>>> print(open('data.pdb').read())   # PDB, C-alpha atoms, pLDDT in the B column
ATOM      1  CA  MET A   1      -1.631  -8.926 -19.405  1.00 52.00           C
ATOM      2  CA  PRO A   2       0.017 -11.020 -16.655  1.00 61.00           C
ATOM      3  CA  GLY A   3       1.129  -9.024 -13.639  1.00 82.00           C
ATOM      4  CA  ILE A   4      -1.320  -6.164 -14.231  1.00 93.00           C
ATOM      5  CA  PHE A   5      -3.871  -5.436 -11.484  1.00 94.00           C
ATOM      6  CA  ARG A   6      -6.631  -3.261 -12.871  1.00 96.00           C
ATOM      7  CA  PHE A   7      -8.424  -0.742 -10.678  1.00 97.00           C
ATOM      8  CA  LYS A   8     -11.331   1.484 -11.721  1.00 98.00           C
ATOM      9  CA  GLN A   9      -9.172   4.563 -12.341  1.00 98.00           C
ATOM     10  CA  PHE A  10      -5.664   3.164 -12.767  1.00 98.00           C
ATOM     11  CA  ASP A  11      -3.645   0.006 -13.433  1.00 97.00           C
ATOM     12  CA  VAL A  12      -0.808  -1.399 -11.355  1.00 97.00           C
ATOM     13  CA  ASP A  13       1.957  -3.403 -13.005  1.00 95.00           C
ATOM     14  CA  GLN A  14       3.550  -5.596 -10.341  1.00 92.00           C
ATOM     15  CA  THR A  15       6.552  -6.646 -12.439  1.00 82.00           C
ATOM     16  CA  GLY A  16       9.784  -6.583 -10.445  1.00 73.00           C
ATOM     17  CA  CYS A  17       8.064  -6.045  -7.091  1.00 81.00           C
ATOM     18  CA  ALA A  18       8.766  -8.698  -4.469  1.00 78.00           C
ATOM     19  CA  MET A  19       5.675  -7.750  -2.488  1.00 78.00           C
ATOM     20  CA  LYS A  20       2.561  -7.854  -4.632  1.00 85.00           C
ATOM     21  CA  ILE A  21      -0.698  -6.001  -4.029  1.00 92.00           C
ATOM     22  CA  ASN A  22      -2.223  -7.331  -0.823  1.00 93.00           C
ATOM     23  CA  THR A  23      -4.978  -6.660   1.672  1.00 95.00           C
ATOM     24  CA  ASP A  24      -2.703  -4.707   4.031  1.00 95.00           C
ATOM     25  CA  GLY A  25      -1.743  -2.240   1.329  1.00 95.00           C
ATOM     26  CA  VAL A  26      -5.189  -1.579  -0.086  1.00 97.00           C
ATOM     27  CA  LEU A  27      -6.704  -1.157   3.378  1.00 98.00           C
ATOM     28  CA  LEU A  28      -4.042   1.395   4.283  1.00 98.00           C
ATOM     29  CA  GLY A  29      -4.663   3.213   1.016  1.00 98.00           C
ATOM     30  CA  ALA A  30      -8.401   3.274   1.680  1.00 98.00           C
ATOM     31  CA  LEU A  31      -8.386   4.041   5.419  1.00 98.00           C
ATOM     32  CA  ALA A  32      -5.348   6.247   6.110  1.00 98.00           C
ATOM     33  CA  ASP A  33      -6.710   9.706   6.758  1.00 95.00           C
ATOM     34  CA  ALA A  34      -5.833  13.309   7.510  1.00 96.00           C
ATOM     35  CA  GLU A  35      -7.734  16.557   7.203  1.00 93.00           C
ATOM     36  CA  ASN A  36      -7.511  17.754   3.599  1.00 94.00           C
ATOM     37  CA  PRO A  37      -3.850  16.762   3.075  1.00 98.00           C
ATOM     38  CA  LYS A  38      -1.940  18.726   0.457  1.00 98.00           C
ATOM     39  CA  ALA A  39       1.423  16.973   0.886  1.00 98.00           C
ATOM     40  CA  ILE A  40       1.631  13.182   1.325  1.00 98.00           C
ATOM     41  CA  LEU A  41       4.582  10.807   1.644  1.00 98.00           C
ATOM     42  CA  ASP A  42       4.413   7.038   1.071  1.00 98.00           C
ATOM     43  CA  ILE A  43       7.395   5.270   2.646  1.00 97.00           C
ATOM     44  CA  GLY A  44       8.192   1.930   0.992  1.00 95.00           C
ATOM     45  CA  THR A  45       5.818   2.382  -1.921  1.00 95.00           C
ATOM     46  CA  GLY A  46       6.502  -0.953  -3.656  1.00 93.00           C
ATOM     47  CA  THR A  47       4.177  -1.111  -6.664  1.00 95.00           C
ATOM     48  CA  GLY A  48       2.922   2.382  -5.833  1.00 96.00           C
ATOM     49  CA  VAL A  49      -0.627   1.191  -5.156  1.00 97.00           C
ATOM     50  CA  ILE A  50      -1.051   3.040  -1.833  1.00 98.00           C
ATOM     51  CA  ALA A  51       0.202   6.306  -3.337  1.00 98.00           C
ATOM     52  CA  LEU A  52      -2.139   5.853  -6.303  1.00 98.00           C
ATOM     53  CA  MET A  53      -5.136   5.219  -4.049  1.00 98.00           C
ATOM     54  CA  LEU A  54      -4.298   8.317  -2.015  1.00 98.00           C
ATOM     55  CA  ALA A  55      -3.938  10.356  -5.199  1.00 98.00           C
ATOM     56  CA  GLN A  56      -7.446   9.251  -6.190  1.00 98.00           C
ATOM     57  CA  ARG A  57      -8.857  10.052  -2.736  1.00 98.00           C
ATOM     58  CA  PHE A  58      -7.186  13.426  -2.260  1.00 98.00           C
ATOM     59  CA  ALA A  59      -7.421  15.332  -5.535  1.00 97.00           C
ATOM     60  CA  ASP A  60      -5.417  18.344  -4.290  1.00 96.00           C
ATOM     61  CA  ALA A  61      -2.508  16.387  -2.813  1.00 98.00           C
ATOM     62  CA  GLU A  62       1.046  16.205  -4.137  1.00 98.00           C
ATOM     63  CA  ILE A  63       2.477  12.780  -3.284  1.00 98.00           C
ATOM     64  CA  ASP A  64       6.086  11.706  -2.843  1.00 98.00           C
ATOM     65  CA  ALA A  65       6.879   7.993  -2.711  1.00 98.00           C
ATOM     66  CA  VAL A  66      10.167   6.448  -1.632  1.00 97.00           C
ATOM     67  CA  GLU A  67      11.286   2.911  -2.375  1.00 95.00           C
ATOM     68  CA  ILE A  68      14.670   1.439  -1.502  1.00 93.00           C
ATOM     69  CA  ASP A  69      14.408  -1.423  -4.017  1.00 92.00           C
ATOM     70  CA  GLU A  70      15.485   0.106  -7.337  1.00 93.00           C
ATOM     71  CA  GLN A  71      13.542  -2.315  -9.543  1.00 92.00           C
ATOM     72  CA  ALA A  72      10.354  -1.786  -7.536  1.00 92.00           C
ATOM     73  CA  ALA A  73      10.895   1.989  -7.703  1.00 95.00           C
ATOM     74  CA  GLN A  74      11.125   1.775 -11.488  1.00 94.00           C
ATOM     75  CA  THR A  75       7.879  -0.196 -11.585  1.00 95.00           C
ATOM     76  CA  ALA A  76       6.150   2.339  -9.344  1.00 96.00           C
ATOM     77  CA  ALA A  77       7.386   5.165 -11.577  1.00 97.00           C
ATOM     78  CA  ARG A  78       5.828   3.473 -14.625  1.00 96.00           C
ATOM     79  CA  ASN A  79       2.560   2.971 -12.743  1.00 97.00           C
ATOM     80  CA  PHE A  80       2.529   6.621 -11.737  1.00 98.00           C
ATOM     81  CA  ALA A  81       3.288   7.806 -15.269  1.00 98.00           C
ATOM     82  CA  GLY A  82       0.425   5.733 -16.691  1.00 97.00           C
ATOM     83  CA  SER A  83      -2.139   6.988 -14.188  1.00 98.00           C
ATOM     84  CA  PRO A  84      -4.492   9.995 -14.389  1.00 98.00           C
ATOM     85  CA  PHE A  85      -2.602  11.427 -11.401  1.00 98.00           C
ATOM     86  CA  ALA A  86       0.870  11.419 -12.978  1.00 98.00           C
ATOM     87  CA  GLU A  87       1.498  15.133 -12.450  1.00 98.00           C
ATOM     88  CA  ARG A  88       0.945  14.808  -8.697  1.00 98.00           C
ATOM     89  CA  LEU A  89       3.046  11.684  -8.080  1.00 98.00           C
ATOM     90  CA  LYS A  90       6.807  11.406  -7.760  1.00 98.00           C
ATOM     91  CA  VAL A  91       8.935   8.410  -6.799  1.00 98.00           C
ATOM     92  CA  CYS A  92      12.426   8.511  -5.286  1.00 97.00           C
ATOM     93  CA  PRO A  93      14.555   5.320  -5.535  1.00 96.00           C
ATOM     94  CA  ALA A  94      16.069   5.544  -2.063  1.00 95.00           C
ATOM     95  CA  GLY A  95      15.542   4.633   1.561  1.00 94.00           C
ATOM     96  CA  PHE A  96      13.605   7.089   3.683  1.00 95.00           C
ATOM     97  CA  GLU A  97      16.734   8.172   5.566  1.00 95.00           C
ATOM     98  CA  GLN A  98      18.500   9.177   2.348  1.00 96.00           C
ATOM     99  CA  PHE A  99      15.354  10.883   1.094  1.00 97.00           C
ATOM    100  CA  PHE A 100      15.019  12.962   4.261  1.00 97.00           C
ATOM    101  CA  ASP A 101      18.731  13.793   4.232  1.00 96.00           C
ATOM    102  CA  GLU A 102      18.304  15.126   0.694  1.00 96.00           C
ATOM    103  CA  HIS A 103      15.078  17.000   1.545  1.00 96.00           C
ATOM    104  CA  PRO A 104      15.558  18.295   5.093  1.00 95.00           C
ATOM    105  CA  GLY A 105      12.895  20.969   4.758  1.00 94.00           C
ATOM    106  CA  LYS A 106      10.084  18.695   3.549  1.00 96.00           C
ATOM    107  CA  ARG A 107       6.964  18.622   5.736  1.00 97.00           C
ATOM    108  CA  TYR A 108       3.887  16.473   5.165  1.00 98.00           C
ATOM    109  CA  ASP A 109       0.238  16.519   6.187  1.00 98.00           C
ATOM    110  CA  LEU A 110       0.093  12.728   5.882  1.00 98.00           C
ATOM    111  CA  ILE A 111       2.850  10.126   5.957  1.00 98.00           C
ATOM    112  CA  VAL A 112       1.894   6.499   5.329  1.00 98.00           C
ATOM    113  CA  SER A 113       3.838   3.263   5.457  1.00 97.00           C
ATOM    114  CA  ASN A 114       3.205  -0.453   5.089  1.00 95.00           C
ATOM    115  CA  PRO A 115       6.602  -1.228   6.617  1.00 89.00           C
ATOM    116  CA  PRO A 116       8.672  -4.364   7.140  1.00 70.00           C
ATOM    117  CA  PHE A 117       7.473  -6.083  10.276  1.00 62.00           C
ATOM    118  CA  PHE A 118       9.283  -9.389  10.857  1.00 47.00           C
ATOM    119  CA  ILE A 119      11.590  -8.131  13.602  1.00 41.00           C
ATOM    120  CA  ASN A 120      14.641 -10.358  14.153  1.00 41.00           C
ATOM    121  CA  SER A 121      12.901 -13.298  12.512  1.00 38.00           C
ATOM    122  CA  LEU A 122      14.290 -15.796  10.044  1.00 36.00           C
ATOM    123  CA  LYS A 123      15.118 -13.806   6.940  1.00 42.00           C
ATOM    124  CA  SER A 124      13.520 -14.664   3.625  1.00 42.00           C
ATOM    125  CA  PRO A 125      16.097 -16.202   1.246  1.00 45.00           C
ATOM    126  CA  GLU A 126      14.815 -14.079  -1.649  1.00 48.00           C
ATOM    127  CA  LYS A 127      16.422 -10.646  -1.598  1.00 44.00           C
ATOM    128  CA  GLY A 128      13.425  -8.570  -2.661  1.00 42.00           C
ATOM    129  CA  ARG A 129      11.068 -10.095  -0.108  1.00 43.00           C
ATOM    130  CA  ARG A 130      13.780  -9.729   2.556  1.00 42.00           C
ATOM    131  CA  VAL A 131      14.013  -6.010   1.888  1.00 41.00           C
ATOM    132  CA  ALA A 132      10.247  -5.642   1.696  1.00 39.00           C
ATOM    133  CA  LYS A 133       9.178  -7.510   4.821  1.00 44.00           C
ATOM    134  CA  HIS A 134      12.021  -7.670   7.347  1.00 44.00           C
ATOM    135  CA  ALA A 135      13.399  -5.035   9.687  1.00 52.00           C
ATOM    136  CA  ASP A 136      16.196  -4.728  12.212  1.00 54.00           C
ATOM    137  CA  ASN A 137      15.534  -3.761  15.815  1.00 57.00           C
ATOM    138  CA  ASP A 138      16.234  -0.067  15.351  1.00 84.00           C
ATOM    139  CA  PHE A 139      14.237   0.268  12.118  1.00 90.00           C
ATOM    140  CA  PHE A 140      11.030   1.508  13.719  1.00 93.00           C
ATOM    141  CA  GLU A 141      12.782   3.881  16.086  1.00 93.00           C
ATOM    142  CA  THR A 142      14.586   5.474  13.137  1.00 94.00           C
ATOM    143  CA  LEU A 143      11.418   5.561  11.042  1.00 96.00           C
ATOM    144  CA  ILE A 144       9.309   7.165  13.765  1.00 96.00           C
ATOM    145  CA  ARG A 145      11.926   9.737  14.661  1.00 96.00           C
ATOM    146  CA  ALA A 146      12.313  10.763  11.017  1.00 96.00           C
ATOM    147  CA  ALA A 147       8.567  10.886  10.417  1.00 96.00           C
ATOM    148  CA  SER A 148       7.958  12.954  13.542  1.00 96.00           C
ATOM    149  CA  TYR A 149      10.420  15.585  12.310  1.00 96.00           C
ATOM    150  CA  HIS A 150       8.898  15.751   8.820  1.00 97.00           C
ATOM    151  CA  LEU A 151       5.239  15.877   9.833  1.00 97.00           C
ATOM    152  CA  ASP A 152       3.460  19.199   9.638  1.00 95.00           C
ATOM    153  CA  GLN A 153       2.155  20.538  12.946  1.00 92.00           C
ATOM    154  CA  HIS A 154      -1.238  18.924  12.375  1.00 94.00           C
ATOM    155  CA  GLY A 155       0.067  16.022  10.307  1.00 97.00           C
ATOM    156  CA  VAL A 156      -0.751  12.340  10.707  1.00 98.00           C
ATOM    157  CA  PHE A 157       1.592   9.356  10.468  1.00 98.00           C
ATOM    158  CA  CYS A 158      -0.355   6.232   9.522  1.00 98.00           C
ATOM    159  CA  LEU A 159       0.988   2.662   9.458  1.00 97.00           C
ATOM    160  CA  ILE A 160      -0.451  -0.826   9.122  1.00 97.00           C
ATOM    161  CA  LEU A 161       1.182  -3.278  11.530  1.00 95.00           C
ATOM    162  CA  PRO A 162       0.767  -6.609  13.285  1.00 94.00           C
ATOM    163  CA  VAL A 163      -0.885  -6.172  16.688  1.00 94.00           C
ATOM    164  CA  ASP A 164       2.228  -6.759  18.812  1.00 92.00           C
ATOM    165  CA  THR A 165       4.353  -4.521  16.586  1.00 92.00           C
ATOM    166  CA  ALA A 166       1.750  -1.765  16.883  1.00 94.00           C
ATOM    167  CA  GLU A 167       2.069  -1.781  20.676  1.00 93.00           C
ATOM    168  CA  MET A 168       5.850  -1.478  20.386  1.00 93.00           C
ATOM    169  CA  VAL A 169       5.480   1.358  17.860  1.00 94.00           C
ATOM    170  CA  ILE A 170       3.131   3.303  20.155  1.00 95.00           C
ATOM    171  CA  LYS A 171       5.756   3.235  22.927  1.00 94.00           C
ATOM    172  CA  LEU A 172       8.512   4.343  20.555  1.00 94.00           C
ATOM    173  CA  ALA A 173       6.288   7.061  19.093  1.00 96.00           C
ATOM    174  CA  MET A 174       5.484   8.569  22.469  1.00 95.00           C
ATOM    175  CA  ASP A 175       9.221   8.950  23.098  1.00 94.00           C
ATOM    176  CA  CYS A 176       9.248  11.080  19.919  1.00 94.00           C
ATOM    177  CA  LYS A 177       6.222  13.123  21.051  1.00 95.00           C
ATOM    178  CA  LEU A 178       3.855  11.359  18.674  1.00 97.00           C
ATOM    179  CA  PHE A 179       0.667  10.030  20.218  1.00 97.00           C
ATOM    180  CA  PRO A 180      -2.008   7.583  19.078  1.00 97.00           C
ATOM    181  CA  LEU A 181      -4.955   9.323  17.437  1.00 97.00           C
ATOM    182  CA  LYS A 182      -6.778   6.244  16.182  1.00 97.00           C
ATOM    183  CA  LYS A 183      -6.430   2.453  16.096  1.00 97.00           C
ATOM    184  CA  ILE A 184      -8.367   0.427  13.558  1.00 98.00           C
ATOM    185  CA  ASN A 185      -8.223  -3.221  14.613  1.00 98.00           C
ATOM    186  CA  ILE A 186      -8.437  -5.332  11.457  1.00 98.00           C
ATOM    187  CA  CYS A 187     -10.123  -8.711  11.990  1.00 98.00           C
ATOM    188  CA  SER A 188     -10.943 -11.443   9.488  1.00 97.00           C
ATOM    189  CA  PHE A 189     -14.395 -11.985  11.042  1.00 97.00           C
ATOM    190  CA  SER A 190     -16.415 -10.335  13.799  1.00 96.00           C
ATOM    191  CA  ASP A 191     -15.487 -13.143  16.211  1.00 96.00           C
ATOM    192  CA  SER A 192     -11.780 -13.179  15.215  1.00 96.00           C
ATOM    193  CA  ALA A 193      -8.945 -11.569  17.118  1.00 97.00           C
ATOM    194  CA  PRO A 194      -7.322  -8.637  15.293  1.00 97.00           C
ATOM    195  CA  HIS A 195      -4.339  -9.565  13.136  1.00 96.00           C
ATOM    196  CA  ARG A 196      -3.440  -6.064  11.922  1.00 96.00           C
ATOM    197  CA  VAL A 197      -3.758  -2.533  13.274  1.00 97.00           C
ATOM    198  CA  ILE A 198      -3.955   0.640  11.210  1.00 98.00           C
ATOM    199  CA  LEU A 199      -2.332   3.080  13.598  1.00 98.00           C
ATOM    200  CA  SER A 200      -2.613   6.857  13.236  1.00 98.00           C
ATOM    201  CA  LEU A 201      -0.139   9.022  15.162  1.00 98.00           C
ATOM    202  CA  GLY A 202       0.053  12.775  15.634  1.00 97.00           C
ATOM    203  CA  SER A 203       1.595  15.451  17.820  1.00 94.00           C
ATOM    204  CA  LYS A 204      -1.612  16.206  19.724  1.00 89.00           C
ATOM    205  CA  GLN A 205      -2.411  14.324  22.925  1.00 89.00           C
ATOM    206  CA  VAL A 206      -6.070  13.452  22.530  1.00 88.00           C
ATOM    207  CA  ARG A 207      -8.368  10.644  23.585  1.00 90.00           C
ATOM    208  CA  SER A 208      -7.448   7.910  21.115  1.00 92.00           C
ATOM    209  CA  GLU A 209     -10.274   6.428  19.050  1.00 95.00           C
ATOM    210  CA  GLU A 210     -10.333   2.627  18.694  1.00 96.00           C
ATOM    211  CA  VAL A 211     -12.580   0.669  16.343  1.00 96.00           C
ATOM    212  CA  ASP A 212     -12.846  -2.936  15.181  1.00 96.00           C
ATOM    213  CA  TRP A 213     -13.065  -3.531  11.443  1.00 97.00           C
ATOM    214  CA  ASN A 214     -13.957  -6.824   9.741  1.00 98.00           C
ATOM    215  CA  ILE A 215     -12.869  -8.026   6.302  1.00 98.00           C
ATOM    216  CA  TYR A 216     -15.455 -10.831   5.977  1.00 98.00           C
ATOM    217  CA  LYS A 217     -19.006 -11.366   7.205  1.00 96.00           C
ATOM    218  CA  ALA A 218     -18.933 -15.064   6.256  1.00 96.00           C
ATOM    219  CA  ALA A 219     -16.535 -17.474   4.587  1.00 94.00           C
ATOM    220  CA  ASN A 220     -15.533 -16.012   1.223  1.00 92.00           C
ATOM    221  CA  VAL A 221     -18.058 -13.185   1.623  1.00 97.00           C
ATOM    222  CA  TYR A 222     -16.660  -9.682   2.111  1.00 97.00           C
ATOM    223  CA  SER A 223     -18.156  -7.470   4.789  1.00 98.00           C
ATOM    224  CA  ASP A 224     -20.244  -4.451   3.870  1.00 97.00           C
ATOM    225  CA  GLU A 225     -17.572  -2.159   5.321  1.00 97.00           C
ATOM    226  CA  TYR A 226     -14.831  -3.762   3.211  1.00 98.00           C
ATOM    227  CA  ILE A 227     -16.907  -3.388   0.044  1.00 98.00           C
ATOM    228  CA  LYS A 228     -17.825   0.204   0.905  1.00 97.00           C
ATOM    229  CA  VAL A 229     -14.262   1.474   1.350  1.00 97.00           C
ATOM    230  CA  LEU A 230     -12.829  -0.411  -1.636  1.00 98.00           C
ATOM    231  CA  GLN A 231     -15.741   0.116  -4.037  1.00 98.00           C
ATOM    232  CA  PRO A 232     -14.178   3.326  -5.440  1.00 98.00           C
ATOM    233  CA  TYR A 233     -11.135   1.272  -6.490  1.00 98.00           C
ATOM    234  CA  PHE A 234     -11.945  -2.385  -7.180  1.00 97.00           C
ATOM    235  CA  ILE A 235     -13.626  -3.281 -10.476  1.00 96.00           C
ATOM    236  CA  ALA A 236     -15.200  -6.314  -8.770  1.00 93.00           C
ATOM    237  CA  PHE A 237     -17.220  -4.005  -6.523  1.00 93.00           C
TER     238      PHE A 237
END
>>> encode(input="data.pdb", output="structure tokens")
Amino acid sequence: MPGIFRFKQFDVDQTGCAMKINTDGVLLGALADAENPKAILDIGTGTGVIALMLAQRFADAEIDAVEIDEQAAQTAARNFAGSPFAERLKVCPAGFEQFFDEHPGKRYDLIVSNPPFFINSLKSPEKGRRVAKHADNDFFETLIRAASYHLDQHGVFCLILPVDTAEMVIKLAMDCKLFPLKKINICSFSDSAPHRVILSLGSKQVRSEEVDWNIYKAANVYSDEYIKVLQPYFIAF
């Protein structure tokens, strides 16, 4: 069926979602980590794929997902309902600010986001993609401040970002008493410069871990590390 992306344990219908399943999302779903999380929040869930991957990884976790685009939220809700993890997944058709206003007491062990990242750039003419991939200057400050308040004491806030945006986010996070725990520098090849960073933030000031991570080992040949982390999900592996 057109628009359906089939994983080993669930299917994702992408109908109505401006941003389709992509490498950024599946890497965040596979690599975002916290110690035995019981409560997880996915901010900007889109198709719901990251939340679904986390539900597969963490069998004891209850997962909330928020999505400001109503049509995408409806699609995510259908994907959740059709999955083996339906009882542990819930989607809210709202922005994260509204969600937190309505749930002021919520605290999470893990918060994840594949957020908009084209700051002050030329806006996409298509409304859905504009919502999905663009942000105003104060977006990240608001996001980080809200996440810092709703993280559990030992919780982790994990985002996938372009390299320059990640550096800006680290500075903003430290103002909110969140500190870098780990940076995974995502490269296309071993000799390529990083183009994305999976950034983990937490309230503890510790020596930050930094690792390089390659998607390919040769042209059109996935790296062993890429295959290893996505093998539990992708039928092709």
>>> closest_residue(input="data.pdb", among="A:Ser148, A:Gln205, A:Asn185, A:Asn79", to="Arg6 of chain A", atoms="only C-alpha atoms")
A:Asn79
>>> resolve_selection(input="data.pdb", expression="the PyMOL selection byres ((chain A and resi 191) around 12)", output="PDB file with C-alpha atoms, keeping the file's coordinate frame")
ATOM      1  CA  ILE A 186      -8.437  -5.332  11.457  1.00 98.00           C
ATOM      2  CA  CYS A 187     -10.123  -8.711  11.990  1.00 98.00           C
ATOM      3  CA  SER A 188     -10.943 -11.443   9.488  1.00 97.00           C
ATOM      4  CA  PHE A 189     -14.395 -11.985  11.042  1.00 97.00           C
ATOM      5  CA  SER A 190     -16.415 -10.335  13.799  1.00 96.00           C
ATOM      6  CA  SER A 192     -11.780 -13.179  15.215  1.00 96.00           C
ATOM      7  CA  ALA A 193      -8.945 -11.569  17.118  1.00 97.00           C
ATOM      8  CA  PRO A 194      -7.322  -8.637  15.293  1.00 97.00           C
ATOM      9  CA  ASP A 212     -12.846  -2.936  15.181  1.00 96.00           C
ATOM     10  CA  TRP A 213     -13.065  -3.531  11.443  1.00 97.00           C
ATOM     11  CA  ASN A 214     -13.957  -6.824   9.741  1.00 98.00           C
ATOM     12  CA  ILE A 215     -12.869  -8.026   6.302  1.00 98.00           C
ATOM     13  CA  TYR A 216     -15.455 -10.831   5.977  1.00 98.00           C
ATOM     14  CA  LYS A 217     -19.006 -11.366   7.205  1.00 96.00           C
ATOM     15  CA  ALA A 218     -18.933 -15.064   6.256  1.00 96.00           C
TER      16      ALA A 218
END
>>> residues_around(input="data.pdb", residues="segment 168-178 of chain A", least_positions_apart="3", cutoff="7 Å", atoms="all atoms listed in the file", output="PyMOL selection string")
chain A and resi 140-141+144-145+148+164-165+201-203
>>> atom_distance(input="data.pdb", atom1="atom CA of Lys20 of chain A", atom2="atom CA of Ala76 of chain A")
11.8 Å
>>> resolve_selection(input="data.pdb", expression="the PyMOL selection byres ((chain A and resi 70) around 12)", output="VMD selection string")
chain A and resid 16 to 18 44 to 47 66 to 69 71 to 77 91 to 95 128 131 to 132
>>> atom_distance(input="data.pdb", atom1="atom CA of Gly48 of chain A", atom2="atom CA of Leu89 of chain A")
9.6 Å
>>> build_atoms(input="data.pdb", residues="segment 100-115 of chain A", atoms="N, CA, C and O atoms", output="PDB file, in the frame of the given file")
ATOM      1  N   PHE A 100      15.135  11.849   3.318  1.00 97.00           N
ATOM      2  CA  PHE A 100      15.019  12.962   4.261  1.00 97.00           C
ATOM      3  C   PHE A 100      16.317  13.757   4.346  1.00 97.00           C
ATOM      4  O   PHE A 100      16.284  14.977   4.515  1.00 97.00           O
ATOM      5  N   ASP A 101      17.455  13.075   4.236  1.00 96.00           N
ATOM      6  CA  ASP A 101      18.731  13.793   4.232  1.00 96.00           C
ATOM      7  C   ASP A 101      18.813  14.750   3.040  1.00 96.00           C
ATOM      8  O   ASP A 101      19.367  15.850   3.150  1.00 96.00           O
ATOM      9  N   GLU A 102      18.248  14.314   1.903  1.00 96.00           N
ATOM     10  CA  GLU A 102      18.304  15.126   0.694  1.00 96.00           C
ATOM     11  C   GLU A 102      17.211  16.190   0.652  1.00 96.00           C
ATOM     12  O   GLU A 102      17.291  17.125  -0.144  1.00 96.00           O
ATOM     13  N   HIS A 103      16.198  16.035   1.506  1.00 96.00           N
ATOM     14  CA  HIS A 103      15.078  17.000   1.545  1.00 96.00           C
ATOM     15  C   HIS A 103      14.778  17.377   2.991  1.00 96.00           C
ATOM     16  O   HIS A 103      13.696  17.083   3.515  1.00 96.00           O
ATOM     17  N   PRO A 104      15.719  18.028   3.657  1.00 95.00           N
ATOM     18  CA  PRO A 104      15.558  18.295   5.093  1.00 95.00           C
ATOM     19  C   PRO A 104      14.395  19.217   5.429  1.00 95.00           C
ATOM     20  O   PRO A 104      13.883  19.185   6.549  1.00 95.00           O
ATOM     21  N   GLY A 105      13.963  20.024   4.473  1.00 94.00           N
ATOM     22  CA  GLY A 105      12.895  20.969   4.758  1.00 94.00           C
ATOM     23  C   GLY A 105      11.496  20.462   4.441  1.00 94.00           C
ATOM     24  O   GLY A 105      10.503  21.159   4.680  1.00 94.00           O
ATOM     25  N   LYS A 106      11.388  19.227   3.933  1.00 96.00           N
ATOM     26  CA  LYS A 106      10.084  18.695   3.549  1.00 96.00           C
ATOM     27  C   LYS A 106       9.215  18.462   4.787  1.00 96.00           C
ATOM     28  O   LYS A 106       9.662  17.911   5.797  1.00 96.00           O
ATOM     29  N   ARG A 107       7.947  18.887   4.690  1.00 97.00           N
ATOM     30  CA  ARG A 107       6.964  18.622   5.736  1.00 97.00           C
ATOM     31  C   ARG A 107       5.694  18.092   5.071  1.00 97.00           C
ATOM     32  O   ARG A 107       5.318  18.527   3.987  1.00 97.00           O
ATOM     33  N   TYR A 108       5.032  17.152   5.756  1.00 98.00           N
ATOM     34  CA  TYR A 108       3.887  16.473   5.165  1.00 98.00           C
ATOM     35  C   TYR A 108       2.676  16.526   6.089  1.00 98.00           C
ATOM     36  O   TYR A 108       2.794  16.450   7.311  1.00 98.00           O
ATOM     37  N   ASP A 109       1.495  16.593   5.452  1.00 98.00           N
ATOM     38  CA  ASP A 109       0.238  16.519   6.187  1.00 98.00           C
ATOM     39  C   ASP A 109      -0.120  15.071   6.513  1.00 98.00           C
ATOM     40  O   ASP A 109      -0.820  14.802   7.492  1.00 98.00           O
ATOM     41  N   LEU A 110       0.349  14.153   5.678  1.00 98.00           N
ATOM     42  CA  LEU A 110       0.093  12.728   5.882  1.00 98.00           C
ATOM     43  C   LEU A 110       1.298  11.937   5.416  1.00 98.00           C
ATOM     44  O   LEU A 110       1.772  12.115   4.296  1.00 98.00           O
ATOM     45  N   ILE A 111       1.801  11.086   6.305  1.00 98.00           N
ATOM     46  CA  ILE A 111       2.850  10.126   5.957  1.00 98.00           C
ATOM     47  C   ILE A 111       2.267   8.740   6.185  1.00 98.00           C
ATOM     48  O   ILE A 111       1.685   8.466   7.242  1.00 98.00           O
ATOM     49  N   VAL A 112       2.414   7.858   5.199  1.00 98.00           N
ATOM     50  CA  VAL A 112       1.894   6.499   5.329  1.00 98.00           C
ATOM     51  C   VAL A 112       3.018   5.499   5.093  1.00 98.00           C
ATOM     52  O   VAL A 112       3.982   5.787   4.368  1.00 98.00           O
ATOM     53  N   SER A 113       2.863   4.324   5.700  1.00 97.00           N
ATOM     54  CA  SER A 113       3.838   3.263   5.457  1.00 97.00           C
ATOM     55  C   SER A 113       3.231   1.900   5.771  1.00 97.00           C
ATOM     56  O   SER A 113       2.568   1.724   6.787  1.00 97.00           O
ATOM     57  N   ASN A 114       3.458   0.972   4.855  1.00 95.00           N
ATOM     58  CA  ASN A 114       3.205  -0.453   5.089  1.00 95.00           C
ATOM     59  C   ASN A 114       4.588  -1.071   5.241  1.00 95.00           C
ATOM     60  O   ASN A 114       5.158  -1.582   4.281  1.00 95.00           O
ATOM     61  N   PRO A 115       5.158  -0.987   6.456  1.00 89.00           N
ATOM     62  CA  PRO A 115       6.602  -1.228   6.617  1.00 89.00           C
ATOM     63  C   PRO A 115       6.939  -2.698   6.807  1.00 89.00           C
ATOM     64  O   PRO A 115       6.053  -3.540   6.998  1.00 89.00           O
TER      65      PRO A 115
END
